[in-house]
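Visitor: Have a look at the structure that comes next, please.
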Amino acid sequence: MTEPEVLTIGRVGVDLYPEQSGVPLAEVSTFAKFLGGTATNVAVAAARLGRRTALLTKVGPDSFGDFVRTALTDFGVENRYVGTAPNLQTPVVFCELNPPADPPLVFYRAPIAPDLTLTHDEIPWEIVDSVPLLWVTGTGVSAEPGRTTQRAILERRDRRGHTVLDLDYRPMFWPDVETARAEIGWMVDHVNVVVGNRTEVEVAVGTADPDKAADRLLARGVRLAVIKRGAEGVLVATATERWTVPPCRVEVVCGLGAGDGFGGALIHGLLAGWDPHRLGTFANAAGALVASRLACADAMPTEAEIEELLCT
C-alpha cells in the first residue's frame, strides 16, 4: 500500500449480532461475528469507496485481535498501525436487535479498551503530518492515556488538510455529561470538520437545535458542520451556506453502522472536493443503505450502490 489518504483513530472491536431479531438479548440463542468499532467501520466504509485507508488503534494479544487484523486486510484497510496492549483484551460488543432501528449495545471494554491506551510513542507522526484526511472521535478522549495522546495529535495537526471530528458520544464511556462536554469541546477547537447527531452536538456545544449548533461550531473555527437529524434528514452548514438534505426512505434492518457508512462516504466526498450539498446527499444515502442491512463493516456500500439509491 502507498501512503494512506485517510487515517482514522479510535475504537475497534468484535461485534456479535443476534441471529434472532426482535427479542431480548437474554432470549437470543446464536450470534454472528463481525468487525466493529466506529473508527474501524469508517475506515472500512472509505476503503469500500476506493480510498487508501489506514486505522490507528490497539487490540489485545488474543484471537479476536488476530481476527481484527485479518478482517482489516480483507476489507482493504492498512493494519500496520494496529498495536497490541499486552495485558488487555480486544473489546467485544453484543447488539440486541430489539428494536432494530435503535439497537441497545452491551460493551465489554473493562478495565479499559486497548484503543484508549494509545501513547505518544505509538503514533506515526509522519502520517499525522502528511495524510490528507485525519479522522478522530469523541470517544478517543474519554480516558487516559488516550486523551492526552489525541490532544497531542490534534495540536500537531493544527487543522491542516481535512481534520475531522466524529463526535461519537457514548454515555457509558463518560462519568458525566459535563466532563464529556469539556473534553469533546476542546477537540472542536482543533478540527475543521465536525459530524454528529443532535444528541452529540448538544453535548459538544450545548444545544440540540441543528441551526444553533451549526452556528456555534462555525463560530469556533469549524468550516463544515454536518448534523444528522434522523428522519428529518441532514443539515450541512458552512460559513456562507447551509442545506437540509432530505432522508432516504429504506426499510431499517439494523440502525447500527449507519453513521459510520455516512462517515466513510463523507470522507470520500471531502477528498474528491465535492460541494457540501453533494457531500451531504451522498453520505446520507450511504448511511441509509447500511441501515437496510445487518452488521456494520460488512454492510458498507460501494459507490455504485449509493448512486443507484440516489437515482431511485
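Residues are referred to by chain and number: the chain letter is A, B, ... according to the order shown in the C-alpha cells, the number counts from 1 in that chain, and ligands are numbered separately from 1 in the order shown.
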I'd like the neighbourhood of A:Leu35 as a list of chain:residue names, where a residue qualifies if any of its atoms comes within 7 Å (using only C-alpha atoms), though same-chain residues fewer than 6 positions away should be ignored.

Guide: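 Here the answer would be A:Gly13, A:Val14, A:Asp15, A:Val68, A:Ala71, A:Ala297.
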
Visitor: What parts of stretch 19-250 of chain A does DSSP call strand (DSSP E or B)? I'd like the answer as JSON, numbers by chain.

Guide: {"A": [31, 32, 33, 34, 35, 36, 53, 54, 55, 56, 57, 58, 59, 77, 78, 82, 83, 84, 92, 93, 94, 95, 105, 106, 107, 108, 133, 134, 135, 136, 137, 162, 163, 164, 165, 166, 193, 194, 195, 196, 197, 224, 225, 226, 227, 228, 234, 235, 236, 237, 242, 243, 244, 245]}

Visitor: Output N, CA and C atoms of each residue in that selection to a file, as a compact mmCIF listing (two decimals), in the first residue's frame.

Guide:
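Saved result, again_23.txt, follows:
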# COMPACT_ATOMS: atom_id res chain seq x y z
N PHE A 31 -25.32 -16.15 17.61
CA PHE A 31 -24.79 -14.85 17.20
C PHE A 31 -23.88 -15.02 15.99
N ALA A 32 -23.74 -13.94 15.21
CA ALA A 32 -22.78 -13.88 14.12
C ALA A 32 -21.71 -12.84 14.46
N LYS A 33 -20.48 -13.10 14.09
CA LYS A 33 -19.34 -12.26 14.45
C LYS A 33 -18.94 -11.34 13.30
N PHE A 34 -18.73 -10.04 13.62
CA PHE A 34 -18.34 -9.07 12.62
C PHE A 34 -17.28 -8.12 13.18
N LEU A 35 -16.51 -7.51 12.30
CA LEU A 35 -15.62 -6.43 12.68
C LEU A 35 -16.45 -5.22 13.07
N GLY A 36 -16.02 -4.48 14.10
CA GLY A 36 -16.79 -3.32 14.53
C GLY A 36 -15.93 -2.24 15.17
N THR A 53 -6.84 3.73 2.93
CA THR A 53 -7.24 4.00 4.30
C THR A 53 -6.42 3.18 5.28
N ALA A 54 -6.06 3.80 6.40
CA ALA A 54 -5.35 3.11 7.47
C ALA A 54 -6.06 3.40 8.80
N LEU A 55 -5.92 2.46 9.73
CA LEU A 55 -6.53 2.59 11.06
C LEU A 55 -5.44 2.58 12.11
N LEU A 56 -5.52 3.56 13.03
CA LEU A 56 -4.62 3.61 14.18
C LEU A 56 -5.41 3.24 15.43
N THR A 57 -5.05 2.11 16.05
CA THR A 57 -5.78 1.63 17.21
C THR A 57 -4.93 0.56 17.90
N LYS A 58 -5.51 -0.11 18.89
CA LYS A 58 -4.84 -1.23 19.56
C LYS A 58 -5.86 -2.31 19.87
N VAL A 59 -5.36 -3.54 19.90
CA VAL A 59 -6.18 -4.70 20.27
C VAL A 59 -5.45 -5.46 21.37
N VAL A 77 -8.12 -2.22 4.32
CA VAL A 77 -7.66 -1.19 5.25
C VAL A 77 -6.28 -1.57 5.77
N GLU A 78 -5.33 -0.66 5.69
CA GLU A 78 -3.97 -0.90 6.17
C GLU A 78 -3.98 -1.12 7.68
N VAL A 82 -2.00 -0.94 13.84
CA VAL A 82 -2.78 -1.61 14.89
C VAL A 82 -1.81 -2.23 15.87
N GLY A 83 -1.71 -1.63 17.06
CA GLY A 83 -0.80 -2.12 18.07
C GLY A 83 -1.45 -3.15 18.97
N THR A 84 -0.68 -3.61 19.96
CA THR A 84 -1.17 -4.62 20.90
C THR A 84 -0.97 -4.14 22.33
N VAL A 92 -15.34 -6.62 22.97
CA VAL A 92 -16.46 -7.33 22.35
C VAL A 92 -17.73 -6.54 22.65
N VAL A 93 -18.60 -6.45 21.66
CA VAL A 93 -19.87 -5.72 21.81
C VAL A 93 -21.01 -6.64 21.39
N PHE A 94 -22.00 -6.78 22.28
CA PHE A 94 -23.21 -7.52 21.94
C PHE A 94 -24.30 -6.53 21.54
N CYS A 95 -24.95 -6.82 20.44
CA CYS A 95 -26.04 -5.99 19.94
C CYS A 95 -27.37 -6.71 20.16
N LEU A 105 -26.78 -1.70 23.02
CA LEU A 105 -25.48 -2.33 22.94
C LEU A 105 -24.96 -2.66 24.34
N VAL A 106 -24.27 -3.77 24.46
CA VAL A 106 -23.60 -4.14 25.70
C VAL A 106 -22.11 -4.22 25.39
N PHE A 107 -21.33 -3.29 25.98
CA PHE A 107 -19.90 -3.20 25.71
C PHE A 107 -19.09 -3.97 26.74
N TYR A 108 -18.12 -4.74 26.29
CA TYR A 108 -17.15 -5.38 27.17
C TYR A 108 -15.79 -4.74 26.88
N LEU A 133 -6.49 13.36 5.03
CA LEU A 133 -7.66 13.41 5.91
C LEU A 133 -7.38 12.60 7.18
N LEU A 134 -7.52 13.27 8.31
CA LEU A 134 -7.37 12.66 9.64
C LEU A 134 -8.74 12.63 10.31
N TRP A 135 -9.12 11.46 10.83
CA TRP A 135 -10.45 11.27 11.44
C TRP A 135 -10.27 10.86 12.90
N VAL A 136 -10.81 11.65 13.82
CA VAL A 136 -10.75 11.33 15.25
C VAL A 136 -12.17 11.29 15.80
N THR A 137 -12.31 10.73 17.00
CA THR A 137 -13.65 10.60 17.60
C THR A 137 -13.66 11.11 19.03
N HIS A 162 -7.92 18.03 5.81
CA HIS A 162 -9.23 17.74 6.38
C HIS A 162 -8.98 17.08 7.73
N THR A 163 -9.30 17.79 8.80
CA THR A 163 -9.16 17.26 10.15
C THR A 163 -10.58 17.14 10.72
N VAL A 164 -11.07 15.90 10.81
CA VAL A 164 -12.50 15.65 11.04
C VAL A 164 -12.72 15.06 12.42
N LEU A 165 -13.71 15.60 13.13
CA LEU A 165 -14.13 15.06 14.42
C LEU A 165 -15.51 14.43 14.29
N ASP A 166 -15.56 13.13 14.52
CA ASP A 166 -16.83 12.41 14.69
C ASP A 166 -17.14 12.48 16.18
N VAL A 193 -13.73 20.03 10.46
CA VAL A 193 -14.99 19.40 10.07
C VAL A 193 -15.53 18.67 11.30
N VAL A 194 -16.82 18.84 11.58
CA VAL A 194 -17.47 18.14 12.70
C VAL A 194 -18.72 17.46 12.19
N VAL A 195 -18.91 16.20 12.59
CA VAL A 195 -20.10 15.45 12.22
C VAL A 195 -20.67 14.77 13.45
N GLY A 196 -22.00 14.85 13.60
CA GLY A 196 -22.66 14.22 14.74
C GLY A 196 -24.16 14.36 14.65
N ASN A 197 -24.87 13.68 15.54
CA ASN A 197 -26.32 13.81 15.59
C ASN A 197 -26.73 14.89 16.60
N LEU A 224 -16.91 23.18 8.21
CA LEU A 224 -18.03 22.38 7.73
C LEU A 224 -18.65 21.66 8.92
N ALA A 225 -19.93 21.93 9.18
CA ALA A 225 -20.67 21.27 10.25
C ALA A 225 -21.74 20.39 9.61
N VAL A 226 -21.76 19.12 9.99
CA VAL A 226 -22.70 18.15 9.45
C VAL A 226 -23.49 17.56 10.62
N ILE A 227 -24.78 17.85 10.65
CA ILE A 227 -25.61 17.44 11.79
C ILE A 227 -26.72 16.52 11.31
N LYS A 228 -26.66 15.29 11.76
CA LYS A 228 -27.62 14.27 11.35
C LYS A 228 -28.89 14.41 12.18
N VAL A 234 -30.43 15.63 7.01
CA VAL A 234 -29.11 16.05 7.47
C VAL A 234 -28.92 17.53 7.17
N LEU A 235 -28.43 18.28 8.17
CA LEU A 235 -28.07 19.68 7.96
C LEU A 235 -26.59 19.76 7.64
N VAL A 236 -26.26 20.43 6.54
CA VAL A 236 -24.87 20.66 6.14
C VAL A 236 -24.65 22.16 6.10
N ALA A 237 -23.68 22.65 6.89
CA ALA A 237 -23.53 24.10 7.03
C ALA A 237 -22.08 24.53 6.88
N ARG A 242 -26.06 26.88 3.87
CA ARG A 242 -26.46 25.66 4.56
C ARG A 242 -27.64 25.02 3.83
N TRP A 243 -27.70 23.71 3.92
CA TRP A 243 -28.74 22.94 3.26
C TRP A 243 -29.25 21.87 4.22
N THR A 244 -30.52 21.49 4.03
CA THR A 244 -31.04 20.30 4.69
C THR A 244 -31.28 19.24 3.63
N VAL A 245 -30.55 18.15 3.73
CA VAL A 245 -30.68 17.04 2.80
C VAL A 245 -31.82 16.14 3.29

Visitor: Determine which residues of stretch 157-308 of chain A receive a DSSP assignment of helix (DSSP H, G or I), computed from the backbone, and state them as a PyMOL selection string.

Guide: chain A and resi 157+171-173+177-188+198-205+210-219+230-232+258-272+276-291+297-299+303-308

Visitor: For the selection just defined, write its residues with C-alpha atoms to a file, as an mmCIF file, in the first residue's frame.

Guide:
data_model
loop_
_atom_site.group_PDB
_atom_site.id
_atom_site.type_symbol
_atom_site.label_atom_id
_atom_site.label_comp_id
_atom_site.auth_asym_id
_atom_site.auth_seq_id
_atom_site.Cartn_x
_atom_site.Cartn_y
_atom_site.Cartn_z
ATOM 1 C CA ARG A 157 -2.054 18.514 13.090
ATOM 2 C CA PRO A 171 -22.776 7.981 27.654
ATOM 3 C CA MET A 172 -21.425 4.727 29.116
ATOM 4 C CA PHE A 173 -17.854 5.825 28.372
ATOM 5 C CA VAL A 177 -22.110 14.985 30.511
ATOM 6 C CA GLU A 178 -20.097 17.920 31.843
ATOM 7 C CA THR A 179 -16.819 16.021 31.507
ATOM 8 C CA ALA A 180 -17.740 14.896 28.002
ATOM 9 C CA ARG A 181 -18.635 18.466 27.001
ATOM 10 C CA ALA A 182 -15.322 19.828 28.248
ATOM 11 C CA GLU A 183 -13.183 17.195 26.552
ATOM 12 C CA ILE A 184 -15.089 16.935 23.270
ATOM 13 C CA GLY A 185 -15.450 20.709 23.222
ATOM 14 C CA TRP A 186 -11.670 21.028 23.336
ATOM 15 C CA MET A 187 -11.476 18.850 20.229
ATOM 16 C CA VAL A 188 -13.971 21.085 18.390
ATOM 17 C CA ARG A 198 -28.493 16.147 17.656
ATOM 18 C CA THR A 199 -27.670 14.473 20.971
ATOM 19 C CA GLU A 200 -23.964 14.648 20.197
ATOM 20 C CA VAL A 201 -23.938 18.320 19.217
ATOM 21 C CA GLU A 202 -25.857 19.147 22.382
ATOM 22 C CA VAL A 203 -23.073 17.523 24.373
ATOM 23 C CA ALA A 204 -20.391 19.301 22.347
ATOM 24 C CA VAL A 205 -21.800 22.847 22.124
ATOM 25 C CA PRO A 210 -29.299 21.930 14.440
ATOM 26 C CA ASP A 211 -29.036 25.511 13.178
ATOM 27 C CA LYS A 212 -27.921 26.918 16.525
ATOM 28 C CA ALA A 213 -25.434 24.086 16.933
ATOM 29 C CA ALA A 214 -24.064 24.750 13.447
ATOM 30 C CA ASP A 215 -23.699 28.431 14.295
ATOM 31 C CA ARG A 216 -21.717 27.599 17.433
ATOM 32 C CA LEU A 217 -19.476 25.123 15.648
ATOM 33 C CA LEU A 218 -18.718 27.526 12.808
ATOM 34 C CA ALA A 219 -18.013 30.349 15.268
ATOM 35 C CA GLY A 230 -32.608 11.181 11.746
ATOM 36 C CA ALA A 231 -35.916 11.016 9.890
ATOM 37 C CA GLU A 232 -35.643 14.769 9.210
ATOM 38 C CA ALA A 258 -25.416 3.832 9.502
ATOM 39 C CA GLY A 259 -23.472 6.762 10.907
ATOM 40 C CA ASP A 260 -20.187 5.056 10.075
ATOM 41 C CA GLY A 261 -21.280 4.410 6.497
ATOM 42 C CA PHE A 262 -22.221 8.089 6.391
ATOM 43 C CA GLY A 263 -18.743 8.943 7.663
ATOM 44 C CA GLY A 264 -16.911 6.867 5.060
ATOM 45 C CA ALA A 265 -18.945 8.489 2.293
ATOM 46 C CA LEU A 266 -18.262 11.932 3.780
ATOM 47 C CA ILE A 267 -14.537 11.150 3.632
ATOM 48 C CA HIS A 268 -14.836 10.131 0.001
ATOM 49 C CA GLY A 269 -16.607 13.357 -0.917
ATOM 50 C CA LEU A 270 -14.210 15.582 1.031
ATOM 51 C CA LEU A 271 -11.210 14.057 -0.726
ATOM 52 C CA ALA A 272 -12.992 14.360 -4.077
ATOM 53 C CA PRO A 276 -21.227 20.482 0.653
ATOM 54 C CA HIS A 277 -24.683 19.712 -0.742
ATOM 55 C CA ARG A 278 -23.417 16.819 -2.836
ATOM 56 C CA LEU A 279 -21.373 15.641 0.143
ATOM 57 C CA GLY A 280 -24.427 15.514 2.378
ATOM 58 C CA THR A 281 -26.647 13.853 -0.207
ATOM 59 C CA PHE A 282 -24.144 11.100 -0.994
ATOM 60 C CA ALA A 283 -23.291 10.426 2.664
ATOM 61 C CA ASN A 284 -26.961 10.374 3.639
ATOM 62 C CA ALA A 285 -27.667 7.695 1.033
ATOM 63 C CA ALA A 286 -24.694 5.622 2.199
ATOM 64 C CA GLY A 287 -25.977 5.689 5.766
ATOM 65 C CA ALA A 288 -29.448 4.660 4.654
ATOM 66 C CA LEU A 289 -28.066 1.658 2.786
ATOM 67 C CA VAL A 290 -26.202 0.457 5.866
ATOM 68 C CA ALA A 291 -29.377 0.808 7.946
ATOM 69 C CA ALA A 297 -18.268 -3.140 8.457
ATOM 70 C CA ASP A 298 -19.666 -5.882 6.226
ATOM 71 C CA ALA A 299 -22.623 -3.681 5.277
ATOM 72 C CA GLU A 303 -20.198 3.907 -4.864
ATOM 73 C CA ALA A 304 -22.375 2.195 -7.486
ATOM 74 C CA GLU A 305 -24.856 1.083 -4.821
ATOM 75 C CA ILE A 306 -25.067 4.594 -3.388
ATOM 76 C CA GLU A 307 -25.585 6.176 -6.801
ATOM 77 C CA GLU A 308 -28.285 3.611 -7.593
#

Visitor: Show which residues sit within 6 Å of A:Glu5, as a PDB file with C-alpha atoms, in the first residue's frame. Count only C-alpha atoms, and ignore same-chain residues fewer than 5 positions away.

Guide:
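To be explicit, this is the file written out as out-v7.pdb:
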ATOM      1  CA  ARG A  52      -6.416   4.322   0.652  1.00  0.00           C
ATOM      2  CA  VAL A 131      -2.229  12.439   5.493  1.00  0.00           C
ATOM      3  CA  PRO A 132      -4.854  14.389   3.528  1.00  0.00           C
TER       4      PRO A 132
END

Visitor: Which residues come within 8 Å of stretch 139-149 of chain A, counting only C-alpha atoms, excluding same-chain residues fewer than 5 positions away, as an MDAnalysis selection string?

Guide: chainID A and resid 9:11 115:120 167:170 173:174 180 183:184

Visitor: For the atom pair atom CA of A:Glu155 and atom CA of A:Ala239, what is the interatomic distance in Å to one decimal place?

Guide: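 Atom CA of A:Glu155 sits 23.3 Å away from atom CA of A:Ala239.
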
Visitor: By how many Å are atom CA of A:Glu126 and atom CA of A:Arg69 apart?

Guide: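 Pair atom CA of A:Glu126 / atom CA of A:Arg69 returns 22.0 Å.
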
Visitor: How many Å separate atom CA of A:Pro111 from atom CA of A:Val28?

Guide: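 Computing the Euclidean distance for atom CA of A:Pro111 and atom CA of A:Val28 yields 26.2 Å.
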
Visitor: Using only C-alpha atoms, which of the listed residues (A:Arg229, A:Arg159, A:Arg220, A:His190) sits closest to A:Pro247?

Guide: A:Arg229
